[in-house]
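With PDB, C-alpha atoms inside, this is query_31.pdb:
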ATOM      1  CA  MET A 256      96.980 106.671  48.252
ATOM      2  CA  ALA A 257      94.716 109.675  47.687
ATOM      3  CA  ASP A 258      94.958 112.638  50.028
ATOM      4  CA  VAL A 259      93.186 111.333  53.134
ATOM      5  CA  LYS A 260      93.282 114.814  54.631
ATOM      6  CA  LYS A 261      90.713 115.838  52.047
ATOM      7  CA  ASP A 262      88.488 112.770  52.012
ATOM      8  CA  VAL A 263      88.534 109.904  54.500
ATOM      9  CA  LYS A 264      86.371 107.941  52.074
ATOM     10  CA  THR A 265      89.475 107.308  49.986
ATOM     11  CA  ALA A 266      90.997 105.162  52.755
ATOM     12  CA  THR A 267      90.918 101.403  52.466
ATOM     13  CA  ALA A 268      91.274 100.250  56.047
ATOM     14  CA  ALA A 269      91.322  97.164  58.221
ATOM     15  CA  PHE A 270      90.610  96.862  61.932
ATOM     16  CA  ILE A 271      92.074  93.996  63.951
ATOM     17  CA  GLY A 272      90.561  93.405  67.385
ATOM     18  CA  LEU A 273      86.852  94.048  67.928
ATOM     19  CA  GLY A 274      86.750  94.231  71.702
ATOM     20  CA  THR A 275      85.128  96.809  73.948
ATOM     21  CA  MET A 276      87.127  99.587  72.311
ATOM     22  CA  GLY A 277      87.832  98.249  68.832
ATOM     23  CA  TYR A 278      84.249  97.374  67.922
ATOM     24  CA  PRO A 279      82.887 100.955  68.128
ATOM     25  CA  MET A 280      86.133 102.482  66.819
ATOM     26  CA  ALA A 281      85.898 100.360  63.676
ATOM     27  CA  GLY A 282      82.252 101.324  63.434
ATOM     28  CA  HIS A 283      83.095 105.030  63.363
ATOM     29  CA  LEU A 284      85.612 104.410  60.574
ATOM     30  CA  SER A 285      82.946 102.648  58.551
ATOM     31  CA  LYS A 286      80.409 105.418  59.158
ATOM     32  CA  ALA A 287      83.018 107.965  58.047
ATOM     33  CA  GLY A 288      83.243 106.219  54.708
ATOM     34  CA  CYS A 289      86.286 103.958  54.976
ATOM     35  CA  ASP A 290      86.216 100.765  52.955
ATOM     36  CA  MET A 291      86.530  98.393  55.942
ATOM     37  CA  THR A 292      87.730  94.859  56.497
ATOM     38  CA  VAL A 293      87.794  93.482  60.045
ATOM     39  CA  TYR A 294      89.373  90.585  61.869
ATOM     40  CA  ASN A 295      88.647  89.252  65.335
ATOM     41  CA  ARG A 296      89.927  86.125  67.038
ATOM     42  CA  THR A 297      86.308  85.172  67.785
ATOM     43  CA  THR A 298      84.776  85.100  64.315
ATOM     44  CA  SER A 299      81.218  85.533  65.554
ATOM     45  CA  LYS A 300      82.126  89.036  66.769
ATOM     46  CA  ALA A 301      83.426  89.921  63.301
ATOM     47  CA  GLU A 302      80.248  88.536  61.726
ATOM     48  CA  LYS A 303      78.154  90.665  64.072
ATOM     49  CA  TRP A 304      80.191  93.765  63.232
ATOM     50  CA  VAL A 305      79.771  93.267  59.487
ATOM     51  CA  ALA A 306      76.028  92.737  59.924
ATOM     52  CA  GLU A 307      75.847  96.058  61.770
ATOM     53  CA  PHE A 308      78.277  98.220  59.807
ATOM     54  CA  GLY A 309      78.867  96.532  56.444
ATOM     55  CA  GLY A 310      82.233  95.828  54.895
ATOM     56  CA  LYS A 311      83.702  92.340  55.234
ATOM     57  CA  TYR A 312      85.647  90.163  57.615
ATOM     58  CA  GLU A 313      88.567  87.807  57.083
ATOM     59  CA  LEU A 314      89.788  84.779  59.005
ATOM     60  CA  THR A 315      93.398  85.920  59.484
ATOM     61  CA  PRO A 316      95.064  89.277  60.152
ATOM     62  CA  ARG A 317      97.082  88.780  56.970
ATOM     63  CA  GLU A 318      93.995  88.552  54.793
ATOM     64  CA  ALA A 319      92.326  91.455  56.574
ATOM     65  CA  ALA A 320      95.363  93.686  56.001
ATOM     66  CA  LYS A 321      95.748  92.824  52.331
ATOM     67  CA  ASP A 322      95.643  95.861  49.998
ATOM     68  CA  CYS A 323      94.796  98.270  52.823
ATOM     69  CA  ASP A 324      96.243 101.764  53.136
ATOM     70  CA  ILE A 325      96.004 101.693  56.929
ATOM     71  CA  VAL A 326      95.561  98.817  59.366
ATOM     72  CA  PHE A 327      94.268  99.615  62.838
ATOM     73  CA  VAL A 328      94.929  97.269  65.745
ATOM     74  CA  CYS A 329      93.420  97.297  69.227
ATOM     75  CA  VAL A 330      94.195  94.136  71.185
ATOM     76  CA  GLY A 331      95.139  93.264  74.758
ATOM     77  CA  ASN A 332      98.878  93.411  75.374
ATOM     78  CA  ASP A 333     102.368  93.021  73.912
ATOM     79  CA  ASP A 334     101.995  89.300  73.217
ATOM     80  CA  ASP A 335      98.604  89.822  71.584
ATOM     81  CA  LEU A 336     100.099  92.513  69.366
ATOM     82  CA  ARG A 337     102.941  90.267  68.246
ATOM     83  CA  SER A 338     100.506  87.436  67.567
ATOM     84  CA  VAL A 339      98.414  89.489  65.128
ATOM     85  CA  LEU A 340     101.307  91.277  63.408
ATOM     86  CA  LEU A 341     104.046  88.675  63.023
ATOM     87  CA  GLY A 342     104.293  85.295  61.315
ATOM     88  CA  GLU A 343     102.813  83.877  58.136
ATOM     89  CA  ASP A 344      99.257  84.875  59.059
ATOM     90  CA  GLY A 345     100.185  88.194  60.680
ATOM     91  CA  ALA A 346      99.119  91.569  59.356
ATOM     92  CA  PHE A 347     102.649  92.579  58.340
ATOM     93  CA  ALA A 348     102.789  89.645  55.931
ATOM     94  CA  GLY A 349      99.689  90.877  54.096
ATOM     95  CA  MET A 350     100.317  94.619  53.995
ATOM     96  CA  LYS A 351     101.321  96.338  50.784
ATOM     97  CA  PRO A 352     104.529  98.403  50.624
ATOM     98  CA  GLY A 353     104.160 101.816  52.227
ATOM     99  CA  ALA A 354     101.019 100.928  54.193
ATOM    100  CA  VAL A 355     100.773 101.963  57.846
ATOM    101  CA  LEU A 356     100.035  99.856  60.904
ATOM    102  CA  TRP A 357      98.265 102.112  63.414
ATOM    103  CA  ASP A 358      98.395 100.456  66.842
ATOM    104  CA  ASP A 359      95.727 101.704  69.257
ATOM    105  CA  THR A 360      96.591  99.054  71.852
ATOM    106  CA  THR A 361      97.939 100.160  75.209
ATOM    107  CA  ASP A 362     101.198  98.226  75.331
ATOM    108  CA  SER A 363     104.839  98.836  76.168
ATOM    109  CA  ALA A 364     107.125 101.380  74.564
ATOM    110  CA  SER A 365     109.604  98.589  73.887
ATOM    111  CA  VAL A 366     107.180  96.535  71.800
ATOM    112  CA  ALA A 367     106.226  99.709  69.915
ATOM    113  CA  ARG A 368     109.861 100.291  69.002
ATOM    114  CA  GLU A 369     110.273  96.609  68.129
ATOM    115  CA  MET A 370     107.279  96.660  65.776
ATOM    116  CA  TYR A 371     108.370  99.983  64.288
ATOM    117  CA  ALA A 372     111.766  98.518  63.398
ATOM    118  CA  LYS A 373     110.176  95.354  62.008
ATOM    119  CA  ALA A 374     107.749  97.352  59.888
ATOM    120  CA  LYS A 375     110.525  99.545  58.486
ATOM    121  CA  SER A 376     112.564  96.464  57.552
ATOM    122  CA  MET A 377     109.596  95.277  55.490
ATOM    123  CA  GLY A 378     108.947  98.597  53.739
ATOM    124  CA  LEU A 379     105.984  99.391  55.997
ATOM    125  CA  ASN A 380     105.138 102.102  58.534
ATOM    126  CA  PHE A 381     104.180 101.755  62.185
ATOM    127  CA  VAL A 382     102.560 104.239  64.584
ATOM    128  CA  ASP A 383     101.986 103.561  68.277
ATOM    129  CA  ALA A 384      98.735 105.370  68.995
ATOM    130  CA  PRO A 385      97.147 104.384  72.320
ATOM    131  CA  VAL A 386      93.864 106.046  73.187
ATOM    132  CA  SER A 387      92.251 107.570  76.259
ATOM    133  CA  GLY A 388      88.575 108.076  76.904
ATOM    134  CA  GLY A 389      87.384 104.605  77.781
ATOM    135  CA  GLN A 390      84.429 102.704  76.426
ATOM    136  CA  ALA A 391      82.208 105.795  76.392
ATOM    137  CA  GLY A 392      84.824 107.714  74.437
ATOM    138  CA  ALA A 393      85.090 104.913  71.890
ATOM    139  CA  GLU A 394      81.331 104.640  71.498
ATOM    140  CA  ASN A 395      80.911 108.399  71.118
ATOM    141  CA  GLY A 396      83.929 108.851  68.831
ATOM    142  CA  ILE A 397      85.693 111.283  71.172
ATOM    143  CA  LEU A 398      88.915 109.478  72.062
ATOM    144  CA  THR A 399      92.227 111.214  72.677
ATOM    145  CA  VAL A 400      95.007 109.601  70.621
ATOM    146  CA  MET A 401      98.690 109.893  71.597
ATOM    147  CA  CYS A 402     101.018 109.027  68.719
ATOM    148  CA  GLY A 403     104.624 107.960  68.414
ATOM    149  CA  GLY A 404     106.334 107.566  65.059
ATOM    150  CA  ASP A 405     107.280 109.401  61.903
ATOM    151  CA  GLU A 406     105.818 112.899  61.738
ATOM    152  CA  ASP A 407     104.919 112.762  58.048
ATOM    153  CA  ILE A 408     103.069 109.451  58.401
ATOM    154  CA  ILE A 409     101.090 110.599  61.426
ATOM    155  CA  LYS A 410     100.196 113.894  59.750
ATOM    156  CA  LYS A 411      99.016 112.079  56.648
ATOM    157  CA  TYR A 412      96.851 109.468  58.361
ATOM    158  CA  ALA A 413      95.586 111.328  61.424
ATOM    159  CA  PRO A 414      92.483 112.471  59.485
ATOM    160  CA  VAL A 415      91.447 108.821  59.194
ATOM    161  CA  ALA A 416      91.767 108.304  62.948
ATOM    162  CA  ASP A 417      89.735 111.494  63.430
ATOM    163  CA  ALA A 418      86.702 109.309  62.716
ATOM    164  CA  PHE A 419      86.827 108.028  66.304
ATOM    165  CA  ALA A 420      88.839 110.804  67.984
ATOM    166  CA  ILE A 421      88.510 114.299  69.351
ATOM    167  CA  SER A 422      92.286 114.755  69.310
ATOM    168  CA  VAL A 423      95.160 113.042  67.460
ATOM    169  CA  THR A 424      98.575 114.343  68.494
ATOM    170  CA  ARG A 425     102.124 113.270  67.698
ATOM    171  CA  ILE A 426     104.125 113.158  70.931
ATOM    172  CA  GLY A 427     107.477 112.176  69.436
ATOM    173  CA  PRO A 428     109.388 109.255  67.891
ATOM    174  CA  SER A 429     108.406 105.602  68.104
ATOM    175  CA  GLY A 430     107.335 104.620  71.623
ATOM    176  CA  SER A 431     106.396 108.159  72.645
ATOM    177  CA  GLY A 432     102.683 107.527  72.288
ATOM    178  CA  GLN A 433     102.880 104.633  74.712
ATOM    179  CA  LEU A 434     104.963 106.662  77.163
ATOM    180  CA  ALA A 435     102.354 109.439  77.069
ATOM    181  CA  LYS A 436      99.619 106.885  77.743
ATOM    182  CA  MET A 437     101.599 105.740  80.779
ATOM    183  CA  CYS A 438     101.534 109.327  82.063
ATOM    184  CA  ASN A 439      97.769 109.297  81.514
ATOM    185  CA  GLN A 440      97.263 106.115  83.523
ATOM    186  CA  ILE A 441      99.536 107.281  86.333
ATOM    187  CA  CYS A 442      97.387 110.419  86.666
ATOM    188  CA  ILE A 443      94.139 108.448  86.651
ATOM    189  CA  ALA A 444      95.363 106.067  89.359
ATOM    190  CA  GLY A 445      96.237 108.924  91.683
ATOM    191  CA  VAL A 446      93.039 110.874  91.027
ATOM    192  CA  CYS A 447      90.835 107.800  91.555
ATOM    193  CA  GLN A 448      92.502 107.040  94.877
ATOM    194  CA  GLY A 449      92.201 110.641  96.071
ATOM    195  CA  LEU A 450      88.550 110.787  95.053
ATOM    196  CA  ALA A 451      87.827 107.469  96.771
ATOM    197  CA  GLU A 452      89.414 108.671 100.008
ATOM    198  CA  ALA A 453      87.536 111.978  99.886
ATOM    199  CA  ILE A 454      84.181 110.286  99.422
ATOM    200  CA  ALA A 455      84.913 107.696 102.110
ATOM    201  CA  PHE A 456      85.994 110.461 104.491
ATOM    202  CA  GLY A 457      82.870 112.488 103.767
ATOM    203  CA  LYS A 458      80.581 109.532 104.351
ATOM    204  CA  VAL A 459      82.226 108.793 107.710
ATOM    205  CA  ALA A 460      81.764 112.474 108.558
ATOM    206  CA  ASP A 461      78.053 112.093 107.683
ATOM    207  CA  LEU A 462      78.166 114.658 104.893
ATOM    208  CA  ASP A 463      75.706 114.843 102.021
ATOM    209  CA  MET A 464      78.246 113.626  99.476
ATOM    210  CA  PRO A 465      76.230 114.369  96.319
ATOM    211  CA  LEU A 466      76.001 117.959  97.545
ATOM    212  CA  VAL A 467      79.689 118.060  98.495
ATOM    213  CA  LEU A 468      80.727 116.665  95.112
ATOM    214  CA  ASP A 469      78.558 119.222  93.331
ATOM    215  CA  VAL A 470      80.204 122.038  95.283
ATOM    216  CA  ILE A 471      83.844 120.954  95.042
ATOM    217  CA  SER A 472      83.510 119.989  91.364
ATOM    218  CA  LYS A 473      83.233 123.714  90.680
ATOM    219  CA  GLY A 474      86.617 124.420  92.273
ATOM    220  CA  ALA A 475      90.237 123.342  92.097
ATOM    221  CA  ALA A 476      89.456 119.710  92.986
ATOM    222  CA  ALA A 477      87.418 119.220  89.816
ATOM    223  CA  SER A 478      88.364 116.346  87.505
ATOM    224  CA  TRP A 479      86.911 114.073  84.845
ATOM    225  CA  GLN A 480      86.791 111.297  87.420
ATOM    226  CA  MET A 481      84.845 113.438  89.872
ATOM    227  CA  LYS A 482      82.367 114.541  87.236
ATOM    228  CA  ASN A 483      81.808 111.094  85.733
ATOM    229  CA  ARG A 484      82.453 108.707  88.646
ATOM    230  CA  GLY A 485      81.915 110.648  91.876
ATOM    231  CA  LEU A 486      78.205 109.952  92.319
ATOM    232  CA  THR A 487      78.494 106.310  91.271
ATOM    233  CA  MET A 488      81.404 105.810  93.694
ATOM    234  CA  ASP A 489      79.176 107.211  96.447
ATOM    235  CA  LEU A 490      76.495 104.685  95.463
ATOM    236  CA  GLY A 491      78.910 101.770  95.127
ATOM    237  CA  GLN A 492      78.137 101.250  91.432
ATOM    238  CA  PHE A 493      81.043  99.862  89.419
ATOM    239  CA  ASN A 494      79.502  97.955  86.509
ATOM    240  CA  PHE A 495      80.795 100.137  83.686
ATOM    241  CA  GLY A 496      83.872 101.791  82.302
ATOM    242  CA  PHE A 497      87.486 100.625  82.342
ATOM    243  CA  ALA A 498      88.015  97.395  84.306
ATOM    244  CA  VAL A 499      90.436  96.945  87.188
ATOM    245  CA  ASP A 500      92.062  93.970  85.412
ATOM    246  CA  TRP A 501      93.008  96.220  82.502
ATOM    247  CA  MET A 502      94.134  99.049  84.752
ATOM    248  CA  ARG A 503      96.516  96.704  86.557
ATOM    249  CA  LYS A 504      97.899  95.631  83.202
ATOM    250  CA  ASP A 505      98.518  99.263  82.310
ATOM    251  CA  LEU A 506     100.034 100.161  85.681
ATOM    252  CA  ASN A 507     102.383  97.201  85.458
ATOM    253  CA  ILE A 508     103.565  98.594  82.116
ATOM    254  CA  CYS A 509     104.170 101.940  83.831
ATOM    255  CA  LEU A 510     106.061 100.371  86.733
ATOM    256  CA  SER A 511     108.161  98.225  84.396
ATOM    257  CA  GLU A 512     109.130 101.265  82.334
ATOM    258  CA  ALA A 513     109.990 103.178  85.508
ATOM    259  CA  ARG A 514     112.336 100.414  86.586
ATOM    260  CA  LYS A 515     114.114 100.811  83.253
ATOM    261  CA  ASN A 516     114.399 104.594  83.197
ATOM    262  CA  GLY A 517     114.845 105.228  86.915
ATOM    263  CA  ALA A 518     111.658 107.242  87.472
ATOM    264  CA  GLU A 519     110.087 107.028  90.931
ATOM    265  CA  LEU A 520     106.411 106.040  91.051
ATOM    266  CA  PRO A 521     105.626 105.476  94.754
ATOM    267  CA  LEU A 522     101.940 106.419  94.526
ATOM    268  CA  THR A 523     101.422 104.381  91.377
ATOM    269  CA  ALA A 524     102.955 101.309  93.016
ATOM    270  CA  LEU A 525     100.728 101.776  96.059
ATOM    271  CA  VAL A 526      97.519 102.207  94.064
ATOM    272  CA  ASP A 527      98.449  99.172  91.962
ATOM    273  CA  GLN A 528      98.452  97.119  95.174
ATOM    274  CA  PHE A 529      95.097  98.617  96.145
ATOM    275  CA  TYR A 530      93.743  97.424  92.786
ATOM    276  CA  ALA A 531      95.182  93.981  93.566
ATOM    277  CA  GLN A 532      93.052  94.007  96.708
ATOM    278  CA  ILE A 533      90.002  94.846  94.603
ATOM    279  CA  GLN A 534      90.792  91.848  92.405
ATOM    280  CA  ASN A 535      91.013  89.656  95.508
ATOM    281  CA  MET A 536      87.564  90.945  96.481
ATOM    282  CA  GLY A 537      86.241  89.623  93.172
ATOM    283  CA  GLY A 538      86.207  93.040  91.502
ATOM    284  CA  GLY A 539      88.545  92.431  88.586
ATOM    285  CA  ARG A 540      85.852  93.459  86.128
ATOM    286  CA  TRP A 541      84.653  96.412  88.204
ATOM    287  CA  ASP A 542      85.350  99.922  87.005
ATOM    288  CA  THR A 543      88.575 101.573  88.211
ATOM    289  CA  SER A 544      86.518 103.823  90.503
ATOM    290  CA  SER A 545      85.948 100.753  92.687
ATOM    291  CA  LEU A 546      88.977 101.740  94.789
ATOM    292  CA  ILE A 547      86.448 103.071  97.284
ATOM    293  CA  ALA A 548      85.204  99.525  97.922
ATOM    294  CA  ARG A 549      88.360  98.619  99.860
ATOM    295  CA  LEU A 550      88.185 101.569 102.228
ATOM    296  CA  ASN A 551      86.920 101.066 105.760
ATOM    297  CA  GLN A 552      83.855 103.264 105.963
ATOM    298  CA  LYS A 553      82.882 102.951 109.611
ATOM    299  CA  PRO A 554      80.061 105.183 110.840
ATOM    300  CA  LYS A 555      81.219 108.071 112.981
ATOM    301  CA  LYS A 556      81.108 107.499 116.731
TER     302      LYS A 556
END

What does the file become when written as structure tokens?
Amino acid sequence: MADVKKDVKTATAAFIGLGTMGYPMAGHLSKAGCDMTVYNRTTSKAEKWVAEFGGKYELTPREAAKDCDIVFVCVGNDDDLRSVLLGEDGAFAGMKPGAVLWDDTTDSASVAREMYAKAKSMGLNFVDAPVSGGQAGAENGILTVMCGGDEDIIKKYAPVADAFAISVTRIGPSGSGQLAKMCNQICIAGVCQGLAEAIAFGKVADLDMPLVLDVISKGAAASWQMKNRGLTMDLGQFNFGFAVDWMRKDLNICLSEARKNGAELPLTALVDQFYAQIQNMGGGRWDTSSLIARLNQKPKK
């Protein structure tokens, strides 16, 4: 392959999984000049993408991955990843020797290591590269990418991923990207719960919460969540962003990994149960900031 660090237009790429994140990510790759082929389980979504961005679509991951230098994947979970990579119609079966599978799915570190070993046995490369930044980050091309895998491969192909990212960083060997993403989700869970409690407390205390949020966002309590979700939490608006259903999936990955390595995650386990309550309230598709919806906000006496 030509030196992708000099010209992303030299990359022949595929993108498997055109969901909320994958659709705009693949679009940024196309706009950057990559020769794109896409695959999606629902073909109509792939047809729509091609009509919008050009390129072509194929009916199997294997055909989409054929002759590509780099194959991006962004699907739902471990089982989804295996289903699009393995078997006769999987991407691995269609990839040329030396090509790289760049997995942007948030999945487990164990499946990342499993797919890395499988790829190596077939003369291929594998990078676990989960992203942070949510739907808005994907649409605006400003995702943060955390990579696990071989340093030379990541260094070579990171300029391609730059099409949809503000930062692409190698964390360590295979699985490290997923472990870093777990750290990211653990932090978000705690911050969202703290912000929800603060806003609920302030409302009970009859404070002007938009004013309070404006003031404290300039100090040590400031966070991305406060800046981007504080006012909408105050208003009870949750119809955007990263869904509770997906956050629970991610937190379960974190808790499962903690059981393996012995780490203690008491707050994460608690907030996971709070998200379960949100699901029981019918809020599975609400944004993760919906934690405030379960809090008892009685008027002050």

- prompt: Taking the file as shown, what set of residues would the PyMOL selection byres ((chain A and resi 385-394) around 7) give back, as a list in words?
  reply: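 Selected by the PyMOL selection byres ((chain A and resi 385-394) around 7) in this file: Thr275, Met276, Pro279, Met280, Asp358, Asp359, Thr360, Thr361, Asp383, Ala384, Asn395, Gly396, Ile397, Leu398, Thr399, Val400, Met401, Phe419, Gly432, Gln433, Lys436, Gly496 and Phe497 of chain A.
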
Centre and edge lengths of an axis-aligned box around all listed atoms of stretch 265-272 of chain A, with 8 Å added on each side, are to be given in Å to one decimal, as AutoDock Vina command-line options.
--center_x 90.8 --center_y 100.4 --center_z 58.7 --size_x 18.6 --size_y 29.9 --size_z 33.4

Within 12 Å of stretch 513-534 of chain A, which residues of stretch 333-396 of chain A show up? Give each one with its shortest atom-to-atom distance in Å (one decimal) and the two atoms involved, counting only C-alpha atoms, rows by chain then rising residue number, as CSV.
residue,atom,partner,partner_atom,distance
A:Ser363,CA,A:Ala513,CA,11.5
A:Ala364,CA,A:Lys515,CA,11.2
A:Ser365,CA,A:Lys515,CA,10.6

message: My list of candidates is A:Asp333, A:Glu369, A:Asp324, A:Glu318. Which is closest to A:Lys351 when distances are computed with only C-alpha atoms?
response: A:Asp324

message: Nearest residue to A:Ser285 out of A:Glu307, A:Asp405, A:Asp505, A:Glu343, using only C-alpha atoms?
response: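 Of the candidates, the smallest distance to A:Ser285 is held by A:Glu307.
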
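Coordinates place atom CA of A:Ala435 at a distance of 21.7 Å from atom CA of A:Ala374.
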
Find the nearest atom pair between each residue of stretch 371-457 of chain A and stretch 481-490 of chain A for residues within 12 Å, count only C-alpha atoms, give distances in Å to one decimal, sort rows by chain and ascending number, and present the table as a Markdown table.
| residue | atom | partner | partner_atom | distance |
| --- | --- | --- | --- | --- |
| A:Gly388 | CA | A:Asn483 | CA | 11.5 |
| A:Gly389 | CA | A:Asn483 | CA | 11.7 |
| A:Ala391 | CA | A:Asn483 | CA | 10.7 |
| A:Ile443 | CA | A:Met481 | CA | 11.0 |
| A:Val446 | CA | A:Met481 | CA | 8.7 |
| A:Cys447 | CA | A:Met481 | CA | 8.4 |
| A:Gln448 | CA | A:Met481 | CA | 11.2 |
| A:Gly449 | CA | A:Met481 | CA | 10.0 |
| A:Leu450 | CA | A:Met481 | CA | 6.9 |
| A:Ala451 | CA | A:Met488 | CA | 7.3 |
| A:Glu452 | CA | A:Met488 | CA | 10.6 |
| A:Ala453 | CA | A:Gly485 | CA | 9.9 |
| A:Ile454 | CA | A:Asp489 | CA | 6.6 |
| A:Ala455 | CA | A:Asp489 | CA | 8.1 |
| A:Phe456 | CA | A:Asp489 | CA | 11.0 |
| A:Gly457 | CA | A:Asp489 | CA | 9.8 |

If we count all atoms listed in the file, what is near A:Val293 at a cut-off of 12 Å, once residues fewer than 3 positions away on the same chain are taken out, given as a PDB file with C-alpha atoms, keeping the file's coordinate frame?
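Writing the result to around_27.pdb gives the following:
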ATOM      1  CA  THR A 267      90.918 101.403  52.466  1.00  0.00           C
ATOM      2  CA  ALA A 268      91.274 100.250  56.047  1.00  0.00           C
ATOM      3  CA  ALA A 269      91.322  97.164  58.221  1.00  0.00           C
ATOM      4  CA  PHE A 270      90.610  96.862  61.932  1.00  0.00           C
ATOM      5  CA  ILE A 271      92.074  93.996  63.951  1.00  0.00           C
ATOM      6  CA  GLY A 272      90.561  93.405  67.385  1.00  0.00           C
ATOM      7  CA  LEU A 273      86.852  94.048  67.928  1.00  0.00           C
ATOM      8  CA  GLY A 274      86.750  94.231  71.702  1.00  0.00           C
ATOM      9  CA  GLY A 277      87.832  98.249  68.832  1.00  0.00           C
ATOM     10  CA  TYR A 278      84.249  97.374  67.922  1.00  0.00           C
ATOM     11  CA  MET A 280      86.133 102.482  66.819  1.00  0.00           C
ATOM     12  CA  ALA A 281      85.898 100.360  63.676  1.00  0.00           C
ATOM     13  CA  GLY A 282      82.252 101.324  63.434  1.00  0.00           C
ATOM     14  CA  LEU A 284      85.612 104.410  60.574  1.00  0.00           C
ATOM     15  CA  SER A 285      82.946 102.648  58.551  1.00  0.00           C
ATOM     16  CA  CYS A 289      86.286 103.958  54.976  1.00  0.00           C
ATOM     17  CA  ASP A 290      86.216 100.765  52.955  1.00  0.00           C
ATOM     18  CA  ARG A 296      89.927  86.125  67.038  1.00  0.00           C
ATOM     19  CA  THR A 297      86.308  85.172  67.785  1.00  0.00           C
ATOM     20  CA  THR A 298      84.776  85.100  64.315  1.00  0.00           C
ATOM     21  CA  SER A 299      81.218  85.533  65.554  1.00  0.00           C
ATOM     22  CA  LYS A 300      82.126  89.036  66.769  1.00  0.00           C
ATOM     23  CA  ALA A 301      83.426  89.921  63.301  1.00  0.00           C
ATOM     24  CA  GLU A 302      80.248  88.536  61.726  1.00  0.00           C
ATOM     25  CA  LYS A 303      78.154  90.665  64.072  1.00  0.00           C
ATOM     26  CA  TRP A 304      80.191  93.765  63.232  1.00  0.00           C
ATOM     27  CA  VAL A 305      79.771  93.267  59.487  1.00  0.00           C
ATOM     28  CA  ALA A 306      76.028  92.737  59.924  1.00  0.00           C
ATOM     29  CA  PHE A 308      78.277  98.220  59.807  1.00  0.00           C
ATOM     30  CA  GLY A 309      78.867  96.532  56.444  1.00  0.00           C
ATOM     31  CA  GLY A 310      82.233  95.828  54.895  1.00  0.00           C
ATOM     32  CA  LYS A 311      83.702  92.340  55.234  1.00  0.00           C
ATOM     33  CA  TYR A 312      85.647  90.163  57.615  1.00  0.00           C
ATOM     34  CA  GLU A 313      88.567  87.807  57.083  1.00  0.00           C
ATOM     35  CA  LEU A 314      89.788  84.779  59.005  1.00  0.00           C
ATOM     36  CA  THR A 315      93.398  85.920  59.484  1.00  0.00           C
ATOM     37  CA  PRO A 316      95.064  89.277  60.152  1.00  0.00           C
ATOM     38  CA  ARG A 317      97.082  88.780  56.970  1.00  0.00           C
ATOM     39  CA  GLU A 318      93.995  88.552  54.793  1.00  0.00           C
ATOM     40  CA  ALA A 319      92.326  91.455  56.574  1.00  0.00           C
ATOM     41  CA  ALA A 320      95.363  93.686  56.001  1.00  0.00           C
ATOM     42  CA  LYS A 321      95.748  92.824  52.331  1.00  0.00           C
ATOM     43  CA  CYS A 323      94.796  98.270  52.823  1.00  0.00           C
ATOM     44  CA  VAL A 326      95.561  98.817  59.366  1.00  0.00           C
ATOM     45  CA  PHE A 327      94.268  99.615  62.838  1.00  0.00           C
ATOM     46  CA  VAL A 328      94.929  97.269  65.745  1.00  0.00           C
ATOM     47  CA  CYS A 329      93.420  97.297  69.227  1.00  0.00           C
ATOM     48  CA  ALA A 346      99.119  91.569  59.356  1.00  0.00           C
TER      49      ALA A 346
END

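In this comparison, which uses all atoms listed in the file, the residue of A:Val459, A:Leu466, A:Ala475, A:Cys442 approaching A:Leu506 most closely is A:Cys442.
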
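In terms of minimum interatomic distance to A:Ile409, A:Val355 ranks closest within A:Val355, A:Ala460, A:Ser511, A:Ile421, counting all atoms listed in the file.
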
How would you write, as a JSON list (two decimals) with C-alpha atoms, in the frame of the given file, the residues chosen by the PyMOL selection byres ((chain A and resi 493) around 8) on this structure?
[["chain", "number", "residue", "atom", "x", "y", "z"],
["A", 487, "THR", "CA", 78.49, 106.31, 91.27],
["A", 488, "MET", "CA", 81.40, 105.81, 93.69],
["A", 491, "GLY", "CA", 78.91, 101.77, 95.13],
["A", 492, "GLN", "CA", 78.14, 101.25, 91.43],
["A", 494, "ASN", "CA", 79.50, 97.96, 86.51],
["A", 495, "PHE", "CA", 80.80, 100.14, 83.69],
["A", 496, "GLY", "CA", 83.87, 101.79, 82.30],
["A", 541, "TRP", "CA", 84.65, 96.41, 88.20],
["A", 542, "ASP", "CA", 85.35, 99.92, 87.00],
["A", 543, "THR", "CA", 88.58, 101.57, 88.21],
["A", 544, "SER", "CA", 86.52, 103.82, 90.50],
["A", 545, "SER", "CA", 85.95, 100.75, 92.69]]

message: So that I can check the surroundings of A:Ala354, please list as a ChimeraX atom specification every protein, DNA and RNA residue that reaches within 9 Å of it, counting only C-alpha atoms and ignoring chain neighbours fewer than 4 positions away.
response: /A:322-326,350,378-381

query: Which one of A:Gly404, A:Gly430, A:Gly539, A:Gly349 sits closest to A:Arg503 if you count only C-alpha atoms?
result: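 Of A:Gly404, A:Gly430, A:Gly539, A:Gly349, the one nearest A:Arg503, counting only C-alpha atoms, is A:Gly539.
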